[in-house]
file target_32.cif (mmCIF, C-alpha atoms)
data_protein
#
loop_
_atom_site.label_atom_id
_atom_site.label_comp_id
_atom_site.auth_asym_id
_atom_site.auth_seq_id
_atom_site.Cartn_x
_atom_site.Cartn_y
_atom_site.Cartn_z
CA MET V 1 29.08 -17.22 12.25
CA PRO V 2 28.14 -13.51 12.44
CA LYS V 3 26.61 -11.86 9.40
CA ARG V 4 28.64 -9.40 7.35
CA ASP V 5 28.49 -5.72 8.18
CA TYR V 6 28.12 -4.33 4.67
CA ALA V 7 28.15 -0.73 5.95
CA SER V 8 31.77 -1.08 7.07
CA GLU V 9 32.79 -2.38 3.63
CA LEU V 10 30.96 -0.10 1.19
CA SER V 11 29.24 3.21 1.89
CA ILE V 12 25.86 4.10 0.40
CA ASP V 13 27.48 7.09 -1.33
CA GLU V 14 30.02 4.82 -3.05
CA LEU V 15 27.25 2.35 -3.89
CA ARG V 16 25.24 5.14 -5.58
CA GLN V 17 28.34 6.13 -7.60
CA ILE V 18 28.83 2.66 -9.05
CA LEU V 19 25.27 1.29 -9.45
CA SER V 20 21.81 2.50 -10.40
CA CYS V 21 18.63 0.59 -9.67
CA ASP V 22 15.23 0.26 -11.29
CA PHE V 23 13.24 -0.23 -8.09
CA GLU V 24 10.16 -1.58 -9.94
CA THR V 25 12.16 -4.55 -11.25
CA GLY V 26 15.13 -4.61 -8.89
CA ALA V 27 17.52 -4.51 -11.86
CA LEU V 28 20.97 -3.12 -11.02
CA THR V 29 23.01 -1.35 -13.71
CA TRP V 30 26.69 -0.42 -13.60
CA LEU V 31 27.52 3.29 -13.79
CA VAL V 32 31.30 2.81 -14.05
CA ASN V 33 33.82 1.06 -16.26
CA ARG V 34 35.12 -2.13 -14.70
CA ARG V 35 36.98 -5.17 -15.89
CA LYS V 36 34.65 -6.93 -18.37
CA VAL V 37 31.75 -4.47 -17.87
CA LYS V 38 30.96 -0.97 -19.02
CA PRO V 39 28.40 1.63 -17.91
CA GLY V 40 24.89 0.44 -18.74
CA ASP V 41 25.65 -3.27 -18.28
CA ARG V 42 23.40 -5.17 -15.90
CA ALA V 43 24.91 -6.45 -12.66
CA LYS V 44 23.44 -9.94 -12.63
CA ARG V 45 25.65 -12.83 -11.57
CA ARG V 46 23.57 -15.65 -10.13
CA THR V 47 24.26 -17.97 -7.19
CA PRO V 48 23.39 -21.68 -7.36
CA LEU V 49 20.34 -20.92 -5.14
CA GLY V 50 18.99 -18.36 -7.62
CA TYR V 51 19.98 -15.14 -5.84
CA TYR V 52 21.69 -12.34 -7.75
CA ARG V 53 24.97 -10.95 -6.48
CA VAL V 54 27.22 -8.03 -7.31
CA GLY V 55 31.00 -8.23 -7.16
CA TYR V 56 32.96 -5.11 -6.27
CA LYS V 57 36.52 -4.66 -4.99
CA GLY V 58 36.94 -8.38 -4.35
CA ARG V 59 33.69 -8.72 -2.36
CA ASP V 60 30.33 -10.19 -3.29
CA TYR V 61 27.17 -8.37 -2.23
CA LEU V 62 23.75 -9.95 -2.40
CA ALA V 63 21.73 -7.90 -4.89
CA HIS V 64 18.58 -7.83 -2.76
CA ARG V 65 20.54 -6.19 0.08
CA VAL V 66 22.04 -3.70 -2.41
CA VAL V 67 18.59 -2.82 -3.81
CA TRP V 68 17.21 -2.38 -0.30
CA ALA V 69 20.19 -0.20 0.71
CA LEU V 70 19.94 2.01 -2.38
CA TYR V 71 16.22 2.54 -1.82
CA ASN V 72 16.45 3.18 1.94
CA GLY V 73 19.74 5.08 2.02
CA ALA V 74 21.31 2.70 4.54
CA TRP V 75 22.35 -0.92 4.72
CA PRO V 76 19.98 -3.20 6.59
CA PRO V 77 21.22 -4.07 10.08
CA PRO V 78 23.72 -6.96 9.92
CA ASP V 79 21.59 -9.08 12.25
CA MET V 80 18.53 -8.80 9.98
CA ASP V 81 17.57 -10.63 6.78
CA ILE V 82 15.97 -9.23 3.64
CA ASP V 83 13.04 -11.47 2.77
CA HIS V 84 11.66 -12.00 -0.74
CA ILE V 85 7.93 -11.85 -0.02
CA ASP V 86 6.99 -14.01 -3.03
CA GLY V 87 9.78 -16.51 -2.29
CA ASP V 88 11.50 -15.88 -5.66
CA PRO V 89 15.17 -15.08 -4.95
CA ALA V 90 15.53 -13.45 -8.38
CA ASN V 91 12.69 -10.96 -7.82
CA ASN V 92 14.45 -7.96 -6.28
CA ALA V 93 11.67 -5.43 -6.91
CA ILE V 94 11.58 -3.17 -3.85
CA ASN V 95 7.91 -3.99 -3.18
CA ASN V 96 8.94 -7.65 -2.88
CA LEU V 97 11.63 -7.03 -0.24
CA ARG V 98 11.19 -6.61 3.51
CA VAL V 99 13.51 -6.54 6.50
CA CYS V 100 12.92 -9.32 8.99
CA HIS V 101 14.50 -11.52 11.61
CA HIS V 102 15.96 -14.82 10.42
CA GLY V 103 13.15 -16.81 12.06
CA GLU V 104 10.53 -14.78 10.19
CA ASN V 105 12.42 -15.36 6.94
CA MET V 106 12.39 -19.13 7.56
CA ARG V 107 8.59 -19.08 7.98
CA ASN V 108 8.29 -17.80 4.43
CA ARG V 109 9.87 -20.95 2.93
CA GLY V 110 8.03 -23.34 0.66
CA LYS V 111 7.68 -27.06 1.25
CA GLN V 112 10.88 -29.09 1.41
CA ALA V 113 12.13 -30.76 -1.75
CA ASN V 114 11.89 -34.22 -0.14
CA ASN V 115 8.23 -33.72 0.89
CA LYS V 116 6.30 -36.87 -0.11
CA THR V 117 2.74 -35.65 0.56
CA GLY V 118 2.83 -32.54 -1.62
CA PHE V 119 1.71 -30.35 1.29
CA LYS V 120 3.86 -28.14 3.49
CA GLY V 121 3.73 -29.17 7.15
CA VAL V 122 2.33 -32.65 6.41
CA ARG V 123 3.99 -36.04 6.51
CA VAL V 124 2.81 -39.62 6.48
CA HIS V 125 3.03 -40.99 10.00
CA PRO V 126 5.62 -43.81 9.97
CA LEU V 127 3.59 -46.17 12.19
CA SER V 128 0.07 -45.65 10.87
CA PRO V 129 -1.74 -44.83 7.63
CA LYS V 130 -2.59 -41.36 8.94
CA PHE V 131 -1.11 -37.97 8.14
CA ASN V 132 0.71 -35.91 10.76
CA ALA V 133 0.54 -32.09 10.69
CA ARG V 134 3.39 -30.14 12.35
CA ILE V 135 4.58 -26.56 12.41
CA GLN V 136 7.70 -24.86 13.74
CA HIS V 137 7.10 -21.95 16.09
CA LYS V 138 9.89 -20.10 17.89
CA GLY V 139 12.28 -22.97 17.26
CA VAL V 140 9.95 -25.64 18.64
CA GLY V 141 8.03 -28.24 16.64
CA VAL V 142 4.30 -28.13 17.41
CA HIS V 143 2.17 -31.24 16.76
CA LEU V 144 -1.15 -30.21 15.18
CA GLY V 145 -2.77 -33.62 15.05
CA MET V 146 -3.25 -36.82 13.08
CA PHE V 147 -5.62 -36.81 10.11
CA ASP V 148 -7.14 -39.32 7.69
CA THR V 149 -6.15 -37.33 4.60
CA ALA V 150 -3.21 -35.14 3.64
CA GLU V 151 -5.68 -32.37 2.72
CA GLU V 152 -7.16 -32.32 6.24
CA ALA V 153 -3.70 -32.20 7.76
CA HIS V 154 -2.74 -29.37 5.42
CA GLU V 155 -5.85 -27.39 6.43
CA ALA V 156 -4.74 -27.66 10.06
CA TYR V 157 -1.23 -26.53 9.09
CA CYS V 158 -2.58 -23.55 7.10
CA LYS V 159 -4.77 -22.40 9.98
CA ALA V 160 -1.89 -22.64 12.46
CA ALA V 161 0.55 -20.93 10.06
CA ARG V 162 -1.76 -17.96 9.60
CA GLU V 163 -2.29 -17.65 13.36
CA LEU V 164 1.35 -18.14 14.39
CA HIS V 165 3.25 -16.62 11.45
CA GLY V 166 0.94 -13.81 10.34
CA ASN V 167 2.28 -11.99 7.25
CA PHE V 168 5.14 -14.48 7.00
CA ALA V 169 2.85 -17.52 6.69
CA LYS V 170 3.57 -19.49 3.53
CA VAL V 171 1.27 -22.44 3.13
CA ALA V 172 2.18 -23.76 -0.33
#
call {"tool": "encode", "arguments": {"input": "target_32.cif", "output": "structure tokens"}}
result
Amino acid sequence: MPKRDYASELSIDELRQILSCDFETGALTWLVNRRKVKPGDRAKRRTPLGYYRVGYKGRDYLAHRVVWALYNGAWPPPDMDIDHIDGDPANNAINNLRVCHHGENMRNRGKQANNKTGFKGVRVHPLSPKFNARIQHKGVGVHLGMFDTAEEAHEAYCKAARELHGNFAKVA
């Protein structure tokens, strides 16, 4: 499914007429009277995943994309993501947001909720008592080796993540 083209829905000029932003915190404040809100109210509805969103004219806009657009004077390209550098979807401070490709954004994820070892990129090998380290790179799983401890496997993952993912490496 293609991403939404925000620019065709809401111009930056209109955006600046209805919302103001504190770029240090990423807080958005309404400038206009609307149903159930008045000027000065915070625009802060939350999604189940922890992101903030702003509703306007029957459309929802992700707050981090709105903050980025207000700061930069243009919507990010529809084929690009806005990444929260610290991984906190509620932290929309402009210094915590960066434009990236979807694959780069996925590199900046934490460990999966069902992770049993406590370390990103490490799993217990199903047929032995050893720990398997793996990393995704350009859509392909890369085997990093088998290790006696989860900590050793995680060290291998961290090294590979820093080499392969650069600024988008998230090792925790």
call {"tool": "closest_residue", "arguments": {"input": "target_32.cif", "among": "V:Ile94, V:Ala133, V:Ala156, V:Val171", "to": "Asn108 in chain V", "atoms": "all atoms listed in the file"}}
result
V:Val171
call {"tool": "resolve_selection", "arguments": {"input": "target_32.cif", "expression": "the PyMOL selection byres ((chain V and resi 32) around 12)", "output": "list in words"}}
result
Glu14, Leu15, Arg16, Gln17, Ile18, Leu19, Ser20, Thr29, Trp30, Leu31, Asn33, Arg34, Arg35, Lys36, Val37, Lys38, Pro39, Gly40, Asp41, Arg42, Ala43 and Tyr56 of chain V
call {"tool": "residues_around", "arguments": {"input": "target_32.cif", "residues": "Asn92 in chain V", "least_positions_apart": "2", "cutoff": "12 Å", "atoms": "only C-alpha atoms", "output": "VMD selection string"}}
result
chain V and resid 21 to 28 44 50 to 53 62 to 69 71 82 to 90 94 to 98
call {"tool": "residues_around", "arguments": {"input": "target_32.cif", "residues": "Lys130 in chain V", "least_positions_apart": "4", "cutoff": "10 Å", "atoms": "only C-alpha atoms", "output": "list of chain:residue names"}}
result
V:Arg123, V:Val124, V:His125, V:Pro126, V:Gly145, V:Met146, V:Phe147, V:Asp148, V:Thr149, V:Ala150, V:Ala153
call {"tool": "residues_near_point", "arguments": {"input": "target_32.cif", "point": "(6.7, -17.9, 8.2)", "cutoff": "7 Å", "atoms": "only C-alpha atoms", "output": "list of chain:residue names"}}
result
V:Glu104, V:Asn105, V:Met106, V:Arg107, V:Asn108, V:Arg109, V:His165, V:Phe168, V:Ala169, V:Lys170
call {"tool": "closest_residue", "arguments": {"input": "target_32.cif", "among": "V:His101, V:His143, V:Arg134, V:Lys57", "to": "Val122 in chain V", "atoms": "all atoms listed in the file"}}
result
V:Arg134
call {"tool": "decode", "arguments": {"input": "target_32.cif", "residues": "range 37-63 of chain V", "atoms": "N, CA, C and O atoms", "output": "mmCIF file, in the first residue's frame"}}
result
data_model
loop_
_atom_site.group_PDB
_atom_site.id
_atom_site.type_symbol
_atom_site.label_atom_id
_atom_site.label_comp_id
_atom_site.auth_asym_id
_atom_site.auth_seq_id
_atom_site.Cartn_x
_atom_site.Cartn_y
_atom_site.Cartn_z
ATOM 1 N N VAL V 37 -12.119 21.834 20.988
ATOM 2 C CA VAL V 37 -10.827 22.446 21.339
ATOM 3 C C VAL V 37 -10.870 23.946 21.055
ATOM 4 O O VAL V 37 -11.634 24.409 20.218
ATOM 5 N N LYS V 38 -10.032 24.662 21.773
ATOM 6 C CA LYS V 38 -9.937 26.107 21.566
ATOM 7 C C LYS V 38 -8.470 26.478 21.406
ATOM 8 O O LYS V 38 -7.581 25.672 21.722
ATOM 9 N N PRO V 39 -8.177 27.670 20.907
ATOM 10 C CA PRO V 39 -6.778 28.075 20.757
ATOM 11 C C PRO V 39 -6.018 27.921 22.074
ATOM 12 O O PRO V 39 -6.529 28.252 23.149
ATOM 13 N N GLY V 40 -4.821 27.383 21.986
ATOM 14 C CA GLY V 40 -3.995 27.141 23.176
ATOM 15 C C GLY V 40 -4.047 25.704 23.664
ATOM 16 O O GLY V 40 -3.189 25.282 24.437
ATOM 17 N N ASP V 41 -5.061 24.939 23.233
ATOM 18 C CA ASP V 41 -5.133 23.520 23.633
ATOM 19 C C ASP V 41 -4.051 22.728 22.911
ATOM 20 O O ASP V 41 -3.727 23.001 21.760
ATOM 21 N N ARG V 42 -3.529 21.728 23.607
ATOM 22 C CA ARG V 42 -2.529 20.848 22.993
ATOM 23 C C ARG V 42 -3.201 19.867 22.051
ATOM 24 O O ARG V 42 -4.284 19.353 22.328
ATOM 25 N N ALA V 43 -2.564 19.594 20.943
ATOM 26 C CA ALA V 43 -3.011 18.576 19.991
ATOM 27 C C ALA V 43 -2.266 17.307 20.367
ATOM 28 O O ALA V 43 -1.076 17.188 20.090
ATOM 29 N N LYS V 44 -2.943 16.367 21.036
ATOM 30 C CA LYS V 44 -2.191 15.247 21.597
ATOM 31 C C LYS V 44 -2.982 13.939 21.717
ATOM 32 O O LYS V 44 -2.913 13.261 22.724
ATOM 33 N N ARG V 45 -3.685 13.562 20.699
ATOM 34 C CA ARG V 45 -4.330 12.239 20.726
ATOM 35 C C ARG V 45 -3.252 11.191 20.512
ATOM 36 O O ARG V 45 -2.354 11.357 19.699
ATOM 37 N N ARG V 46 -3.380 10.069 21.202
ATOM 38 C CA ARG V 46 -2.359 9.029 21.124
ATOM 39 C C ARG V 46 -2.868 7.776 20.443
ATOM 40 O O ARG V 46 -4.005 7.376 20.628
ATOM 41 N N THR V 47 -2.006 7.135 19.651
ATOM 42 C CA THR V 47 -2.349 5.866 19.017
ATOM 43 C C THR V 47 -2.014 4.740 19.993
ATOM 44 O O THR V 47 -1.263 4.950 20.952
ATOM 45 N N PRO V 48 -2.521 3.539 19.760
ATOM 46 C CA PRO V 48 -2.185 2.414 20.643
ATOM 47 C C PRO V 48 -0.680 2.104 20.685
ATOM 48 O O PRO V 48 -0.185 1.528 21.647
ATOM 49 N N LEU V 49 0.072 2.508 19.646
ATOM 50 C CA LEU V 49 1.521 2.258 19.619
ATOM 51 C C LEU V 49 2.317 3.383 20.270
ATOM 52 O O LEU V 49 3.543 3.336 20.304
ATOM 53 N N GLY V 50 1.630 4.415 20.784
ATOM 54 C CA GLY V 50 2.315 5.479 21.508
ATOM 55 C C GLY V 50 2.636 6.718 20.701
ATOM 56 O O GLY V 50 3.198 7.670 21.220
ATOM 57 N N TYR V 51 2.288 6.736 19.416
ATOM 58 C CA TYR V 51 2.522 7.912 18.587
ATOM 59 C C TYR V 51 1.419 8.935 18.842
ATOM 60 O O TYR V 51 0.283 8.567 19.139
ATOM 61 N N TYR V 52 1.749 10.210 18.692
ATOM 62 C CA TYR V 52 0.727 11.250 18.738
ATOM 63 C C TYR V 52 0.197 11.484 17.333
ATOM 64 O O TYR V 52 0.911 11.291 16.353
ATOM 65 N N ARG V 53 -1.057 11.906 17.262
ATOM 66 C CA ARG V 53 -1.650 12.228 15.967
ATOM 67 C C ARG V 53 -2.520 13.470 16.118
ATOM 68 O O ARG V 53 -2.942 13.821 17.222
ATOM 69 N N VAL V 54 -2.762 14.108 14.985
ATOM 70 C CA VAL V 54 -3.557 15.321 14.939
ATOM 71 C C VAL V 54 -4.676 15.089 13.936
ATOM 72 O O VAL V 54 -4.415 14.664 12.810
ATOM 73 N N GLY V 55 -5.902 15.342 14.339
ATOM 74 C CA GLY V 55 -7.034 15.203 13.437
ATOM 75 C C GLY V 55 -7.450 16.555 12.898
ATOM 76 O O GLY V 55 -7.601 17.521 13.658
ATOM 77 N N TYR V 56 -7.629 16.629 11.570
ATOM 78 C CA TYR V 56 -8.050 17.884 10.955
ATOM 79 C C TYR V 56 -8.801 17.573 9.668
ATOM 80 O O TYR V 56 -8.299 16.827 8.821
ATOM 81 N N LYS V 57 -9.981 18.153 9.545
ATOM 82 C CA LYS V 57 -10.835 17.969 8.360
ATOM 83 C C LYS V 57 -11.023 16.491 8.007
ATOM 84 O O LYS V 57 -10.901 16.087 6.859
ATOM 85 N N GLY V 58 -11.291 15.685 9.017
ATOM 86 C CA GLY V 58 -11.585 14.278 8.793
ATOM 87 C C GLY V 58 -10.385 13.395 8.513
ATOM 88 O O GLY V 58 -10.545 12.226 8.178
ATOM 89 N N ARG V 59 -9.180 13.936 8.634
ATOM 90 C CA ARG V 59 -7.951 13.165 8.380
ATOM 91 C C ARG V 59 -7.089 13.165 9.631
ATOM 92 O O ARG V 59 -7.059 14.142 10.371
ATOM 93 N N ASP V 60 -6.372 12.081 9.838
ATOM 94 C CA ASP V 60 -5.391 12.006 10.915
ATOM 95 C C ASP V 60 -4.000 12.180 10.342
ATOM 96 O O ASP V 60 -3.659 11.592 9.307
ATOM 97 N N TYR V 61 -3.203 12.989 11.011
ATOM 98 C CA TYR V 61 -1.819 13.246 10.622
ATOM 99 C C TYR V 61 -0.923 12.856 11.779
ATOM 100 O O TYR V 61 -1.197 13.231 12.923
ATOM 101 N N LEU V 62 0.114 12.086 11.502
ATOM 102 C CA LEU V 62 1.045 11.713 12.555
ATOM 103 C C LEU V 62 1.797 12.957 13.005
ATOM 104 O O LEU V 62 2.355 13.704 12.184
ATOM 105 N N ALA V 63 1.820 13.190 14.317
ATOM 106 C CA ALA V 63 2.379 14.428 14.858
ATOM 107 C C ALA V 63 3.855 14.595 14.512
ATOM 108 O O ALA V 63 4.305 15.720 14.263
#
